[in-house]
Amino acid sequence: MTFDVIKRHRWWFSISSIAVIISIISMFIYGFNFGIDFTGGTIVEVEFSKPVQVSAVRENLKAFDLENAVIQLSGADATESEGKTVMIRTRNLEASESQAVIAALNKNLAEGTVKRIESVGAVIGSEVTEHALTNLLIAFVALALYITYRFEYRVALSCLAAIFHDLIMVLGVFSFFHLEIDSSFLAAILTVIGYSMNESVVIFDRIRENTHTHKRTDTFADLANASIHQSIHRSCYTLSTVLFACCSLYFFGGDTTKNFALCMIVGFVSGAYSSICVATSLWAIWKSNNKKDVRNVRS
C-alpha cells in the first residue's frame, strides 16, 4: 500500500501555514541580524612579533562574540593559515571594545603593534540590495512564464508558492535564532531557489508524462500520487547527497561557513518537502475543484 500524499493535503497545508505564520511573526518581532556586509563595521589591523594562527585569533574573538569576524592575513611571510599581520573586520566596535580585543590578543597570542583601527561602510549598499531584489523579482517572473508555457499557469503558481514557502522558512530560522546575514547568505538563498524549483519541475514533468498513460477515470489526486511515488527515490537521493555536503561544511568548515551551510540545509529540506507535499497538493486540489478531465493537462 502506497502513502497517499494528496489525501493528507490538510496536514501539509496546516503544518506549512503554522510554520509560515511563526516565521513571519519572528521576522516582525526579532527582525534580522545583518552582518557587516550590510551595516558596515570596524577594521582592526595588528602586526604581531611572531606568526599567529587564524584559528587562534578566532578562538580569542569568541569571548567578545566576534567569532564570525572576517580575518585576513598579509605580509611576505603570511601563509594560508598563519602570519604576522592580521586584519580583523567585524561589527562596529566602541573604542573600549577595540582596546579590549587588542589586549586579549596581545596577552594570549603574542605582542602586537596596532597598525590601524577604523570604521568602514557597508559593502552591500542599499542600491546594490535594491538591484538584487529587482533581479530576483525578474527571475521569478521569468520562471513563472516559462513554467506556464511548459506546463500551465496552475503549475507555475504552485511552484512559486513552494519557493516562497522555502524562502520564508529560511528567513524565519535566521530571524528566530538571530543568525547573522551576510553576502554569502544571498548566494545560499539563490541556490535554495534553484533547488526548490528543480524539485518541483521534476514532479510536474512526471505528471505531464503520466497524463498520456493513466486511465481517464483517474483523478488528479491519483495522477499526482503516482507521479510522486515514481520520482520520490530520485528526490531522496538528491536530498541525501546535498545534505551530506552541506552538513560536512556546517560541522567541519569553520565558523565563517556555518550560516551559509545552515541556510542551504534548511532550504533544501524545506524544498524537498514543499515540492512533494505542498506544490503537488495545491495543484491537485486546485485542478479537482475545477472538475476538469485529467487529460486536459497541457502536454
# chains A, B, ... in the order shown; residues from 1 in each chain; ligands from 1
$ select_by_dssp --residues "stretch 54-218 of chain A" --states "strand (DSSP E)" --output "PyMOL selection string"
chain A and resi 70-74+82-90+112-120+180-181
$ residues_around --residues "stretch 221-230 of chain A" --least-positions-apart "6" --cutoff "7 Å" --atoms "only C-alpha atoms" --output "list in words"
Asp4, Val5, Ile6, Ile203, Arg206, Ile207, Ile276, Thr280 and Ala284 of chain A
$ closest_atom_pairs --of "stretch 197-223 of chain A" --to "stretch 146-161 of chain A" --cutoff "9 Å" --atoms "only C-alpha atoms" --output "CSV"
residue,atom,partner,partner_atom,distance
A:Met197,CA,A:Cys159,CA,6.6
A:Ser200,CA,A:Cys159,CA,6.1
A:Val201,CA,A:Cys159,CA,7.8
A:Phe204,CA,A:Val155,CA,7.4
A:Asp205,CA,A:Phe151,CA,8.1
A:Arg208,CA,A:Phe151,CA,7.6
$ closest_residue --among "A:Gly172, A:Gly253, A:Gly194, A:Gly271" --to "A:Tyr30" --atoms "only C-alpha atoms"
A:Gly172
$ closest_residue --among "A:Thr238, A:Val44, A:Val54, A:Ala103" --to "A:Glu80" --atoms "only C-alpha atoms"
A:Val54
$ closest_residue --among "A:Arg91, A:Arg116, A:Arg8, A:Lys62" --to "A:Thr39" --atoms "only C-alpha atoms"
A:Arg91
$ residues_around --residues "A:Gln53" --least-positions-apart "6" --cutoff "10 Å" --atoms "only C-alpha atoms" --output "PyMOL selection string"
chain A and resi 59+73+79-84+86+109
